[in-house]
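Source file structure-v4.txt; content: compact mmCIF, N, CA and C atoms.
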# COMPACT_ATOMS: atom_id res chain seq x y z
N MET W 1 110.57 85.45 118.62
CA MET W 1 110.96 84.17 118.10
C MET W 1 110.44 83.04 118.98
N GLU W 2 110.41 83.27 120.26
CA GLU W 2 109.91 82.26 121.19
C GLU W 2 108.42 81.99 120.96
N THR W 3 107.68 83.03 120.60
CA THR W 3 106.25 82.86 120.30
C THR W 3 106.06 81.98 119.08
N VAL W 4 106.86 82.18 118.06
CA VAL W 4 106.79 81.37 116.84
C VAL W 4 107.12 79.92 117.17
N ARG W 5 108.14 79.70 117.97
CA ARG W 5 108.53 78.35 118.36
C ARG W 5 107.42 77.67 119.16
N ARG W 6 106.81 78.40 120.06
CA ARG W 6 105.72 77.85 120.87
C ARG W 6 104.52 77.49 119.99
N LEU W 7 104.18 78.39 119.06
CA LEU W 7 103.07 78.11 118.13
C LEU W 7 103.39 76.93 117.23
N TRP W 8 104.63 76.85 116.75
CA TRP W 8 105.04 75.73 115.91
C TRP W 8 104.89 74.41 116.68
N ASN W 9 105.38 74.38 117.92
CA ASN W 9 105.30 73.16 118.72
C ASN W 9 103.84 72.78 118.99
N LYS W 10 103.01 73.76 119.20
CA LYS W 10 101.61 73.49 119.51
C LYS W 10 100.83 73.04 118.27
N TYR W 11 101.08 73.65 117.12
CA TYR W 11 100.28 73.41 115.91
C TYR W 11 101.06 72.72 114.79
N ARG W 12 102.22 72.17 115.09
CA ARG W 12 103.09 71.57 114.09
C ARG W 12 102.37 70.56 113.20
N GLU W 13 101.65 69.65 113.82
CA GLU W 13 100.96 68.60 113.06
C GLU W 13 99.95 69.21 112.07
N TYR W 14 99.17 70.18 112.53
CA TYR W 14 98.17 70.82 111.66
C TYR W 14 98.85 71.57 110.51
N ILE W 15 99.91 72.30 110.85
CA ILE W 15 100.62 73.09 109.83
C ILE W 15 101.20 72.16 108.75
N LEU W 16 101.87 71.10 109.19
CA LEU W 16 102.46 70.17 108.23
C LEU W 16 101.38 69.45 107.43
N TYR W 17 100.26 69.12 108.08
CA TYR W 17 99.18 68.46 107.35
C TYR W 17 98.63 69.38 106.26
N VAL W 18 98.45 70.64 106.58
CA VAL W 18 97.95 71.59 105.59
C VAL W 18 98.95 71.77 104.46
N ILE W 19 100.23 71.86 104.79
CA ILE W 19 101.26 72.03 103.76
C ILE W 19 101.30 70.80 102.84
N PHE W 20 101.45 69.61 103.43
CA PHE W 20 101.53 68.41 102.61
C PHE W 20 100.18 68.06 101.99
N GLY W 21 99.10 68.38 102.69
CA GLY W 21 97.77 68.21 102.11
C GLY W 21 97.58 69.13 100.92
N GLY W 22 98.14 70.32 101.00
CA GLY W 22 98.09 71.25 99.87
C GLY W 22 98.84 70.70 98.67
N PHE W 23 100.05 70.15 98.91
CA PHE W 23 100.81 69.54 97.82
C PHE W 23 100.07 68.33 97.25
N THR W 24 99.50 67.52 98.13
CA THR W 24 98.72 66.36 97.68
C THR W 24 97.55 66.81 96.82
N THR W 25 96.88 67.85 97.26
CA THR W 25 95.74 68.37 96.51
C THR W 25 96.18 68.91 95.15
N LEU W 26 97.30 69.63 95.12
CA LEU W 26 97.81 70.13 93.85
C LEU W 26 98.17 68.99 92.90
N ILE W 27 98.77 67.94 93.42
CA ILE W 27 99.07 66.76 92.59
C ILE W 27 97.77 66.19 92.04
N SER W 28 96.78 66.03 92.90
CA SER W 28 95.49 65.49 92.49
C SER W 28 94.84 66.37 91.42
N TRP W 29 94.81 67.67 91.65
CA TRP W 29 94.19 68.58 90.69
C TRP W 29 94.92 68.56 89.35
N PHE W 30 96.27 68.60 89.40
CA PHE W 30 97.03 68.64 88.17
C PHE W 30 96.84 67.36 87.35
N VAL W 31 96.93 66.21 88.01
CA VAL W 31 96.75 64.95 87.31
C VAL W 31 95.32 64.84 86.78
N PHE W 32 94.34 65.28 87.58
CA PHE W 32 92.94 65.27 87.13
C PHE W 32 92.78 66.16 85.90
N TRP W 33 93.32 67.36 85.95
CA TRP W 33 93.23 68.29 84.82
C TRP W 33 93.90 67.68 83.58
N LEU W 34 95.10 67.13 83.78
CA LEU W 34 95.83 66.52 82.67
C LEU W 34 95.02 65.39 82.03
N CYS W 35 94.50 64.49 82.86
CA CYS W 35 93.73 63.36 82.33
C CYS W 35 92.43 63.81 81.69
N ASN W 36 91.71 64.73 82.35
CA ASN W 36 90.39 65.15 81.89
C ASN W 36 90.46 66.12 80.71
N ASN W 37 91.37 67.07 80.74
CA ASN W 37 91.40 68.11 79.72
C ASN W 37 92.40 67.86 78.59
N VAL W 38 93.54 67.32 78.91
CA VAL W 38 94.56 67.09 77.89
C VAL W 38 94.36 65.72 77.23
N LEU W 39 94.20 64.69 78.06
CA LEU W 39 94.03 63.34 77.53
C LEU W 39 92.57 63.01 77.21
N ARG W 40 91.67 63.91 77.57
CA ARG W 40 90.23 63.79 77.27
C ARG W 40 89.59 62.54 77.88
N MET W 41 90.04 62.19 79.06
CA MET W 41 89.44 61.07 79.77
C MET W 41 88.14 61.53 80.43
N ASP W 42 87.22 60.60 80.65
CA ASP W 42 86.01 60.91 81.40
C ASP W 42 86.39 61.27 82.83
N VAL W 43 85.47 61.94 83.51
CA VAL W 43 85.75 62.49 84.82
C VAL W 43 86.06 61.41 85.87
N VAL W 44 85.38 60.28 85.84
CA VAL W 44 85.59 59.26 86.86
C VAL W 44 86.95 58.59 86.73
N PRO W 45 87.36 58.08 85.55
CA PRO W 45 88.71 57.51 85.48
C PRO W 45 89.81 58.55 85.73
N ALA W 46 89.60 59.77 85.29
CA ALA W 46 90.58 60.83 85.54
C ALA W 46 90.73 61.06 87.05
N ASN W 47 89.62 61.02 87.76
CA ASN W 47 89.65 61.21 89.21
C ASN W 47 90.34 60.05 89.91
N ILE W 48 90.11 58.84 89.46
CA ILE W 48 90.73 57.67 90.09
C ILE W 48 92.25 57.68 89.89
N ILE W 49 92.69 58.02 88.69
CA ILE W 49 94.14 58.10 88.44
C ILE W 49 94.77 59.19 89.31
N SER W 50 94.11 60.34 89.39
CA SER W 50 94.65 61.42 90.22
C SER W 50 94.68 61.01 91.68
N TRP W 51 93.69 60.24 92.09
CA TRP W 51 93.61 59.75 93.47
C TRP W 51 94.77 58.82 93.79
N ILE W 52 95.06 57.88 92.94
CA ILE W 52 96.13 56.91 93.19
C ILE W 52 97.47 57.62 93.40
N LEU W 53 97.80 58.54 92.54
CA LEU W 53 99.08 59.26 92.67
C LEU W 53 99.10 60.15 93.90
N ALA W 54 98.00 60.81 94.19
CA ALA W 54 97.94 61.69 95.35
C ALA W 54 98.01 60.90 96.66
N VAL W 55 97.34 59.76 96.73
CA VAL W 55 97.36 58.96 97.95
C VAL W 55 98.75 58.39 98.22
N ALA W 56 99.44 57.97 97.20
CA ALA W 56 100.81 57.47 97.38
C ALA W 56 101.70 58.57 97.98
N PHE W 57 101.60 59.77 97.43
CA PHE W 57 102.37 60.90 97.96
C PHE W 57 101.93 61.22 99.40
N ALA W 58 100.63 61.24 99.64
CA ALA W 58 100.11 61.59 100.97
C ALA W 58 100.54 60.59 102.02
N TYR W 59 100.50 59.31 101.70
CA TYR W 59 100.90 58.30 102.69
C TYR W 59 102.35 58.52 103.12
N ILE W 60 103.22 58.69 102.16
CA ILE W 60 104.65 58.85 102.48
C ILE W 60 104.87 60.10 103.34
N THR W 61 104.31 61.22 102.95
CA THR W 61 104.53 62.46 103.70
C THR W 61 103.85 62.43 105.06
N ASN W 62 102.65 61.86 105.14
CA ASN W 62 101.95 61.77 106.42
C ASN W 62 102.69 60.84 107.38
N ARG W 63 103.15 59.73 106.87
CA ARG W 63 103.86 58.75 107.71
C ARG W 63 105.15 59.34 108.27
N ILE W 64 105.92 60.00 107.41
CA ILE W 64 107.24 60.47 107.82
C ILE W 64 107.19 61.78 108.59
N TRP W 65 106.53 62.79 108.04
CA TRP W 65 106.64 64.14 108.60
C TRP W 65 105.44 64.60 109.41
N VAL W 66 104.24 64.28 109.01
CA VAL W 66 103.07 64.83 109.71
C VAL W 66 102.81 64.09 111.01
N PHE W 67 102.60 62.79 110.93
CA PHE W 67 102.23 62.01 112.11
C PHE W 67 103.40 61.24 112.71
N GLU W 68 104.57 61.29 112.05
CA GLU W 68 105.80 60.65 112.53
C GLU W 68 105.53 59.24 113.03
N SER W 69 105.02 58.41 112.14
CA SER W 69 104.66 57.04 112.50
C SER W 69 105.86 56.26 113.00
N ARG W 70 105.63 55.50 114.04
CA ARG W 70 106.68 54.64 114.60
C ARG W 70 106.44 53.17 114.25
N ALA W 71 105.43 52.91 113.42
CA ALA W 71 105.15 51.53 113.03
C ALA W 71 106.35 50.96 112.31
N SER W 72 106.75 49.77 112.72
CA SER W 72 107.86 49.10 112.06
C SER W 72 107.54 47.61 111.98
N GLY W 73 108.17 46.96 111.07
CA GLY W 73 107.87 45.56 110.82
C GLY W 73 106.80 45.46 109.75
N LEU W 74 106.79 44.35 109.07
CA LEU W 74 105.91 44.18 107.93
C LEU W 74 104.42 44.29 108.28
N LYS W 75 103.99 43.55 109.30
CA LYS W 75 102.55 43.56 109.66
C LYS W 75 102.05 44.94 110.07
N PRO W 76 102.72 45.63 110.99
CA PRO W 76 102.22 46.96 111.38
C PRO W 76 102.20 47.97 110.22
N VAL W 77 103.22 47.92 109.37
CA VAL W 77 103.27 48.87 108.24
C VAL W 77 102.18 48.54 107.23
N ILE W 78 101.98 47.25 106.95
CA ILE W 78 100.90 46.87 106.03
C ILE W 78 99.54 47.26 106.60
N ARG W 79 99.35 47.07 107.91
CA ARG W 79 98.11 47.47 108.56
C ARG W 79 97.90 48.99 108.43
N GLU W 80 98.98 49.74 108.59
CA GLU W 80 98.92 51.20 108.46
C GLU W 80 98.58 51.61 107.04
N ILE W 81 99.25 51.00 106.06
CA ILE W 81 98.97 51.31 104.65
C ILE W 81 97.52 50.97 104.31
N ALA W 82 97.06 49.81 104.77
CA ALA W 82 95.69 49.38 104.49
C ALA W 82 94.68 50.34 105.11
N GLY W 83 94.93 50.77 106.33
CA GLY W 83 94.03 51.73 106.98
C GLY W 83 94.03 53.07 106.27
N PHE W 84 95.21 53.50 105.88
CA PHE W 84 95.33 54.78 105.16
C PHE W 84 94.59 54.71 103.83
N ALA W 85 94.88 53.66 103.05
CA ALA W 85 94.23 53.51 101.75
C ALA W 85 92.73 53.30 101.91
N GLY W 86 92.33 52.53 102.93
CA GLY W 86 90.91 52.31 103.18
C GLY W 86 90.16 53.60 103.49
N GLY W 87 90.76 54.42 104.33
CA GLY W 87 90.15 55.72 104.63
C GLY W 87 90.06 56.60 103.40
N ARG W 88 91.11 56.56 102.60
CA ARG W 88 91.11 57.35 101.37
C ARG W 88 90.11 56.80 100.35
N LEU W 89 89.87 55.48 100.36
CA LEU W 89 88.86 54.91 99.47
C LEU W 89 87.46 55.42 99.81
N VAL W 90 87.21 55.58 101.10
CA VAL W 90 85.91 56.12 101.53
C VAL W 90 85.74 57.54 100.98
N THR W 91 86.76 58.38 101.15
CA THR W 91 86.63 59.75 100.65
C THR W 91 86.67 59.80 99.13
N LEU W 92 87.37 58.85 98.49
CA LEU W 92 87.33 58.76 97.03
C LEU W 92 85.90 58.47 96.55
N GLY W 93 85.24 57.56 97.24
CA GLY W 93 83.85 57.25 96.89
C GLY W 93 82.96 58.47 97.00
N LEU W 94 83.11 59.23 98.09
CA LEU W 94 82.32 60.46 98.25
C LEU W 94 82.66 61.48 97.17
N GLU W 95 83.95 61.63 96.90
CA GLU W 95 84.41 62.58 95.89
C GLU W 95 83.90 62.19 94.50
N THR W 96 84.00 60.91 94.17
CA THR W 96 83.57 60.44 92.85
C THR W 96 82.06 60.60 92.68
N LEU W 97 81.30 60.28 93.72
CA LEU W 97 79.85 60.46 93.66
C LEU W 97 79.50 61.94 93.46
N PHE W 98 80.16 62.81 94.22
CA PHE W 98 79.93 64.25 94.10
C PHE W 98 80.27 64.74 92.69
N LEU W 99 81.43 64.31 92.15
CA LEU W 99 81.82 64.73 90.80
C LEU W 99 80.85 64.19 89.75
N TRP W 100 80.46 62.96 89.88
CA TRP W 100 79.52 62.37 88.94
C TRP W 100 78.20 63.14 88.93
N LEU W 101 77.68 63.43 90.13
CA LEU W 101 76.41 64.17 90.22
C LEU W 101 76.53 65.58 89.65
N THR W 102 77.56 66.29 90.07
CA THR W 102 77.66 67.70 89.69
C THR W 102 78.14 67.92 88.26
N VAL W 103 79.05 67.06 87.79
CA VAL W 103 79.63 67.26 86.45
C VAL W 103 78.85 66.49 85.39
N ASP W 104 78.68 65.20 85.59
CA ASP W 104 78.02 64.39 84.57
C ASP W 104 76.50 64.61 84.53
N ILE W 105 75.88 64.77 85.67
CA ILE W 105 74.42 64.92 85.71
C ILE W 105 74.00 66.38 85.56
N PHE W 106 74.57 67.27 86.41
CA PHE W 106 74.16 68.68 86.39
C PHE W 106 74.95 69.54 85.41
N LYS W 107 76.03 68.99 84.85
CA LYS W 107 76.86 69.67 83.84
C LYS W 107 77.55 70.93 84.37
N TRP W 108 77.93 70.90 85.65
CA TRP W 108 78.67 72.00 86.22
C TRP W 108 80.15 71.86 85.85
N ASN W 109 80.92 72.91 86.06
CA ASN W 109 82.34 72.94 85.72
C ASN W 109 83.12 71.90 86.52
N SER W 110 83.84 71.02 85.81
CA SER W 110 84.53 69.91 86.47
C SER W 110 85.64 70.38 87.40
N MET W 111 86.42 71.37 86.99
CA MET W 111 87.53 71.82 87.83
C MET W 111 87.01 72.53 89.08
N LEU W 112 85.98 73.35 88.93
CA LEU W 112 85.40 74.02 90.09
C LEU W 112 84.85 73.01 91.09
N MET W 113 84.17 71.99 90.60
CA MET W 113 83.62 70.97 91.48
C MET W 113 84.73 70.15 92.14
N LYS W 114 85.81 69.91 91.43
CA LYS W 114 86.96 69.20 92.00
C LYS W 114 87.55 70.00 93.15
N ILE W 115 87.64 71.30 93.00
CA ILE W 115 88.17 72.17 94.06
C ILE W 115 87.26 72.16 95.28
N VAL W 116 85.96 72.28 95.06
CA VAL W 116 85.01 72.31 96.17
C VAL W 116 85.08 71.02 96.98
N ILE W 117 85.02 69.89 96.33
CA ILE W 117 85.03 68.62 97.06
C ILE W 117 86.39 68.35 97.68
N SER W 118 87.46 68.87 97.10
CA SER W 118 88.79 68.67 97.67
C SER W 118 88.92 69.26 99.06
N ILE W 119 88.26 70.35 99.32
CA ILE W 119 88.30 70.99 100.64
C ILE W 119 87.65 70.07 101.67
N VAL W 120 86.50 69.53 101.34
CA VAL W 120 85.80 68.61 102.24
C VAL W 120 86.64 67.36 102.46
N VAL W 121 87.21 66.82 101.40
CA VAL W 121 88.03 65.61 101.47
C VAL W 121 89.27 65.84 102.33
N LEU W 122 89.89 67.00 102.24
CA LEU W 122 91.08 67.31 103.03
C LEU W 122 90.77 67.20 104.53
N VAL W 123 89.65 67.75 104.94
CA VAL W 123 89.25 67.70 106.36
C VAL W 123 88.93 66.26 106.78
N LEU W 124 88.15 65.56 105.98
CA LEU W 124 87.81 64.17 106.31
C LEU W 124 89.06 63.29 106.37
N ASN W 125 89.98 63.49 105.45
CA ASN W 125 91.21 62.69 105.44
C ASN W 125 92.05 62.93 106.68
N TYR W 126 92.09 64.18 107.16
CA TYR W 126 92.84 64.46 108.39
C TYR W 126 92.23 63.69 109.56
N ILE W 127 90.92 63.75 109.68
CA ILE W 127 90.23 63.08 110.78
C ILE W 127 90.50 61.58 110.75
N ILE W 128 90.38 60.99 109.58
CA ILE W 128 90.63 59.55 109.44
C ILE W 128 92.08 59.22 109.76
N SER W 129 93.02 59.98 109.21
CA SER W 129 94.44 59.71 109.44
C SER W 129 94.82 59.87 110.90
N ARG W 130 94.40 60.95 111.50
CA ARG W 130 94.80 61.28 112.86
C ARG W 130 94.21 60.33 113.90
N PHE W 131 92.95 59.99 113.74
CA PHE W 131 92.27 59.24 114.79
C PHE W 131 92.09 57.76 114.50
N MET W 132 92.36 57.33 113.25
CA MET W 132 92.17 55.92 112.94
C MET W 132 93.44 55.23 112.42
N VAL W 133 94.27 55.95 111.70
CA VAL W 133 95.44 55.32 111.08
C VAL W 133 96.70 55.56 111.88
N PHE W 134 97.04 56.82 112.13
CA PHE W 134 98.28 57.16 112.82
C PHE W 134 98.00 57.55 114.27
N LYS W 135 97.32 56.68 114.99
CA LYS W 135 96.97 56.95 116.38
C LYS W 135 98.24 57.05 117.22
N LYS W 136 98.24 58.02 118.09
CA LYS W 136 99.38 58.17 119.00
C LYS W 136 99.22 57.16 120.13
N GLU W 137 100.33 56.54 120.48
CA GLU W 137 100.31 55.58 121.59
C GLU W 137 100.16 56.33 122.90
N LYS W 138 99.35 55.78 123.77
CA LYS W 138 99.17 56.37 125.10
C LYS W 138 100.41 56.09 125.95
N LYS W 139 100.87 57.13 126.66
CA LYS W 139 102.08 56.97 127.49
C LYS W 139 101.70 56.62 128.90

I need this file expressed as structure tokens, please.
Amino acid sequence: METVRRLWNKYREYILYVIFGGFTTLISWFVFWLCNNVLRMDVVPANIISWILAVAFAYITNRIWVFESRASGLKPVIREIAGFAGGRLVTLGLETLFLWLTVDIFKWNSMLMKIVISIVVLVLNYIISRFMVFKKEKK
């Protein structure tokens, strides 16, 4: 049990990021599938709608549980939200470009391509969140 506790303390942030990142990804995939396949929306608007809902969920979970943000007051929180959304906009742009090229141009399977790019986006989002948005204060 002590080994599990030690591993949890050492890798807690990564474990929680993967768990909540997994839920965020599932939300994104489900909303994308719903918009693209059920509502018959084009791939780009379907992706943007899925992105908005997933980013809202990701910000809340990352702020509270993953990075345990201590930002308080209107200005610091708005700065944090802006940085988080800005970083996610960068990866949204990469994701949308990738989907447009692979699905609209090359006619590859939209869901498969969404899964492939989601893995890359998950890693990039962690790097942006950890080192640019939810920076730990130096003691």

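One finds atom N of W:Lys75 at 19.0 Å from atom CA of W:Gly87.
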
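Remark: for W:Glu68, the closest of the candidate residues W:Ile117, W:Phe134, W:Thr96, W:Ile105 is W:Phe134 (distances computed over only N, CA and C atoms).
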
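One finds atom C of W:Leu16 at 15.4 Å from atom C of W:Val4.
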
Would you mind reading off the distance between atom N of W:Glu95 and atom C of W:Ile81, one decimal, in Å?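 If I compute the distance from atom N of W:Glu95 to atom C of W:Ile81, I get 18.8 Å.
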
Can you list, as a list in words, every protein, DNA or RNA residue that comes within 8 Å of stretch 38-44 of chain W when you count all atoms listed in the file, leaving out same-chain residues fewer than 6 positions away?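 The contact residues come out as Phe32, Ser50, Thr96, Leu99, Trp100, Val103, Asp104 and Ser110 of chain W.
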
Keeping only N, CA and C atoms, write the selected residues to a file as a PDB file, in the frame of the given file.
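As written to disk, out_14.pdb reads:
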ATOM      1  N   PHE W  32      94.340  65.280  87.580  1.00  0.00           N
ATOM      2  CA  PHE W  32      92.940  65.270  87.130  1.00  0.00           C
ATOM      3  C   PHE W  32      92.780  66.160  85.900  1.00  0.00           C
ATOM      4  N   SER W  50      94.110  60.340  89.390  1.00  0.00           N
ATOM      5  CA  SER W  50      94.650  61.420  90.220  1.00  0.00           C
ATOM      6  C   SER W  50      94.680  61.010  91.680  1.00  0.00           C
ATOM      7  N   THR W  96      84.000  60.910  94.170  1.00  0.00           N
ATOM      8  CA  THR W  96      83.570  60.440  92.850  1.00  0.00           C
ATOM      9  C   THR W  96      82.060  60.600  92.680  1.00  0.00           C
ATOM     10  N   LEU W  99      81.430  64.310  92.150  1.00  0.00           N
ATOM     11  CA  LEU W  99      81.820  64.730  90.800  1.00  0.00           C
ATOM     12  C   LEU W  99      80.850  64.190  89.750  1.00  0.00           C
ATOM     13  N   TRP W 100      80.460  62.960  89.880  1.00  0.00           N
ATOM     14  CA  TRP W 100      79.520  62.370  88.940  1.00  0.00           C
ATOM     15  C   TRP W 100      78.200  63.140  88.930  1.00  0.00           C
ATOM     16  N   VAL W 103      79.050  67.060  87.790  1.00  0.00           N
ATOM     17  CA  VAL W 103      79.630  67.260  86.450  1.00  0.00           C
ATOM     18  C   VAL W 103      78.850  66.490  85.390  1.00  0.00           C
ATOM     19  N   ASP W 104      78.680  65.200  85.590  1.00  0.00           N
ATOM     20  CA  ASP W 104      78.020  64.390  84.570  1.00  0.00           C
ATOM     21  C   ASP W 104      76.500  64.610  84.530  1.00  0.00           C
ATOM     22  N   SER W 110      83.840  71.020  85.810  1.00  0.00           N
ATOM     23  CA  SER W 110      84.530  69.910  86.470  1.00  0.00           C
ATOM     24  C   SER W 110      85.640  70.380  87.400  1.00  0.00           C
TER      25      SER W 110
END

Counting only C-alpha atoms, the residue among W:Arg5, W:Phe23, W:Arg63, W:Trp29 that lies closest to W:Val116 is W:Trp29

Missing atoms in stretch 45-68 of chain W: can you complete it with N, CA, C and O atoms, as an mmCIF file, in the coordinates of the input?
data_model
loop_
_atom_site.group_PDB
_atom_site.id
_atom_site.type_symbol
_atom_site.label_atom_id
_atom_site.label_comp_id
_atom_site.auth_asym_id
_atom_site.auth_seq_id
_atom_site.Cartn_x
_atom_site.Cartn_y
_atom_site.Cartn_z
ATOM 1 N N PRO W 45 87.360 58.080 85.550
ATOM 2 C CA PRO W 45 88.710 57.510 85.480
ATOM 3 C C PRO W 45 89.810 58.550 85.730
ATOM 4 O O PRO W 45 90.831 58.241 86.346
ATOM 5 N N ALA W 46 89.600 59.770 85.290
ATOM 6 C CA ALA W 46 90.580 60.830 85.540
ATOM 7 C C ALA W 46 90.730 61.060 87.050
ATOM 8 O O ALA W 46 91.842 61.239 87.550
ATOM 9 N N ASN W 47 89.620 61.020 87.760
ATOM 10 C CA ASN W 47 89.650 61.210 89.210
ATOM 11 C C ASN W 47 90.340 60.050 89.910
ATOM 12 O O ASN W 47 91.103 60.244 90.850
ATOM 13 N N ILE W 48 90.110 58.840 89.460
ATOM 14 C CA ILE W 48 90.730 57.670 90.090
ATOM 15 C C ILE W 48 92.250 57.680 89.890
ATOM 16 O O ILE W 48 93.000 57.414 90.827
ATOM 17 N N ILE W 49 92.690 58.020 88.690
ATOM 18 C CA ILE W 49 94.140 58.100 88.440
ATOM 19 C C ILE W 49 94.770 59.190 89.310
ATOM 20 O O ILE W 49 95.820 58.991 89.922
ATOM 21 N N SER W 50 94.110 60.340 89.390
ATOM 22 C CA SER W 50 94.650 61.420 90.220
ATOM 23 C C SER W 50 94.680 61.010 91.680
ATOM 24 O O SER W 50 95.602 61.351 92.422
ATOM 25 N N TRP W 51 93.690 60.240 92.090
ATOM 26 C CA TRP W 51 93.610 59.750 93.470
ATOM 27 C C TRP W 51 94.770 58.820 93.790
ATOM 28 O O TRP W 51 95.409 58.958 94.841
ATOM 29 N N ILE W 52 95.060 57.880 92.940
ATOM 30 C CA ILE W 52 96.130 56.910 93.190
ATOM 31 C C ILE W 52 97.470 57.620 93.400
ATOM 32 O O ILE W 52 98.180 57.339 94.373
ATOM 33 N N LEU W 53 97.800 58.540 92.540
ATOM 34 C CA LEU W 53 99.080 59.260 92.670
ATOM 35 C C LEU W 53 99.100 60.150 93.900
ATOM 36 O O LEU W 53 100.111 60.217 94.612
ATOM 37 N N ALA W 54 98.000 60.810 94.190
ATOM 38 C CA ALA W 54 97.940 61.690 95.350
ATOM 39 C C ALA W 54 98.010 60.900 96.660
ATOM 40 O O ALA W 54 98.690 61.317 97.603
ATOM 41 N N VAL W 55 97.340 59.760 96.730
ATOM 42 C CA VAL W 55 97.360 58.960 97.950
ATOM 43 C C VAL W 55 98.750 58.390 98.220
ATOM 44 O O VAL W 55 99.189 58.351 99.370
ATOM 45 N N ALA W 56 99.440 57.970 97.200
ATOM 46 C CA ALA W 56 100.810 57.470 97.380
ATOM 47 C C ALA W 56 101.700 58.570 97.980
ATOM 48 O O ALA W 56 102.431 58.332 98.956
ATOM 49 N N PHE W 57 101.600 59.770 97.430
ATOM 50 C CA PHE W 57 102.370 60.900 97.960
ATOM 51 C C PHE W 57 101.930 61.220 99.400
ATOM 52 O O PHE W 57 102.770 61.423 100.284
ATOM 53 N N ALA W 58 100.630 61.240 99.640
ATOM 54 C CA ALA W 58 100.110 61.590 100.970
ATOM 55 C C ALA W 58 100.540 60.590 102.020
ATOM 56 O O ALA W 58 100.902 60.974 103.146
ATOM 57 N N TYR W 59 100.500 59.310 101.700
ATOM 58 C CA TYR W 59 100.900 58.300 102.690
ATOM 59 C C TYR W 59 102.350 58.520 103.120
ATOM 60 O O TYR W 59 102.658 58.541 104.320
ATOM 61 N N ILE W 60 103.220 58.690 102.160
ATOM 62 C CA ILE W 60 104.650 58.850 102.480
ATOM 63 C C ILE W 60 104.870 60.100 103.340
ATOM 64 O O ILE W 60 105.550 60.040 104.375
ATOM 65 N N THR W 61 104.310 61.220 102.950
ATOM 66 C CA THR W 61 104.530 62.460 103.700
ATOM 67 C C THR W 61 103.850 62.430 105.060
ATOM 68 O O THR W 61 104.414 62.924 106.042
ATOM 69 N N ASN W 62 102.650 61.860 105.140
ATOM 70 C CA ASN W 62 101.950 61.770 106.420
ATOM 71 C C ASN W 62 102.690 60.840 107.380
ATOM 72 O O ASN W 62 102.830 61.142 108.562
ATOM 73 N N ARG W 63 103.150 59.730 106.870
ATOM 74 C CA ARG W 63 103.860 58.750 107.710
ATOM 75 C C ARG W 63 105.150 59.340 108.270
ATOM 76 O O ARG W 63 105.444 59.202 109.453
ATOM 77 N N ILE W 64 105.920 60.000 107.410
ATOM 78 C CA ILE W 64 107.240 60.470 107.820
ATOM 79 C C ILE W 64 107.190 61.780 108.590
ATOM 80 O O ILE W 64 107.757 61.894 109.684
ATOM 81 N N TRP W 65 106.530 62.790 108.040
ATOM 82 C CA TRP W 65 106.640 64.140 108.600
ATOM 83 C C TRP W 65 105.440 64.600 109.410
ATOM 84 O O TRP W 65 105.614 65.289 110.411
ATOM 85 N N VAL W 66 104.240 64.280 109.010
ATOM 86 C CA VAL W 66 103.070 64.830 109.710
ATOM 87 C C VAL W 66 102.810 64.090 111.010
ATOM 88 O O VAL W 66 102.785 64.680 112.085
ATOM 89 N N PHE W 67 102.600 62.790 110.930
ATOM 90 C CA PHE W 67 102.230 62.010 112.110
ATOM 91 C C PHE W 67 103.400 61.240 112.710
ATOM 92 O O PHE W 67 103.261 60.617 113.753
ATOM 93 N N GLU W 68 104.570 61.290 112.050
ATOM 94 C CA GLU W 68 105.800 60.650 112.530
ATOM 95 C C GLU W 68 105.530 59.240 113.030
ATOM 96 O O GLU W 68 105.807 58.894 114.171
#
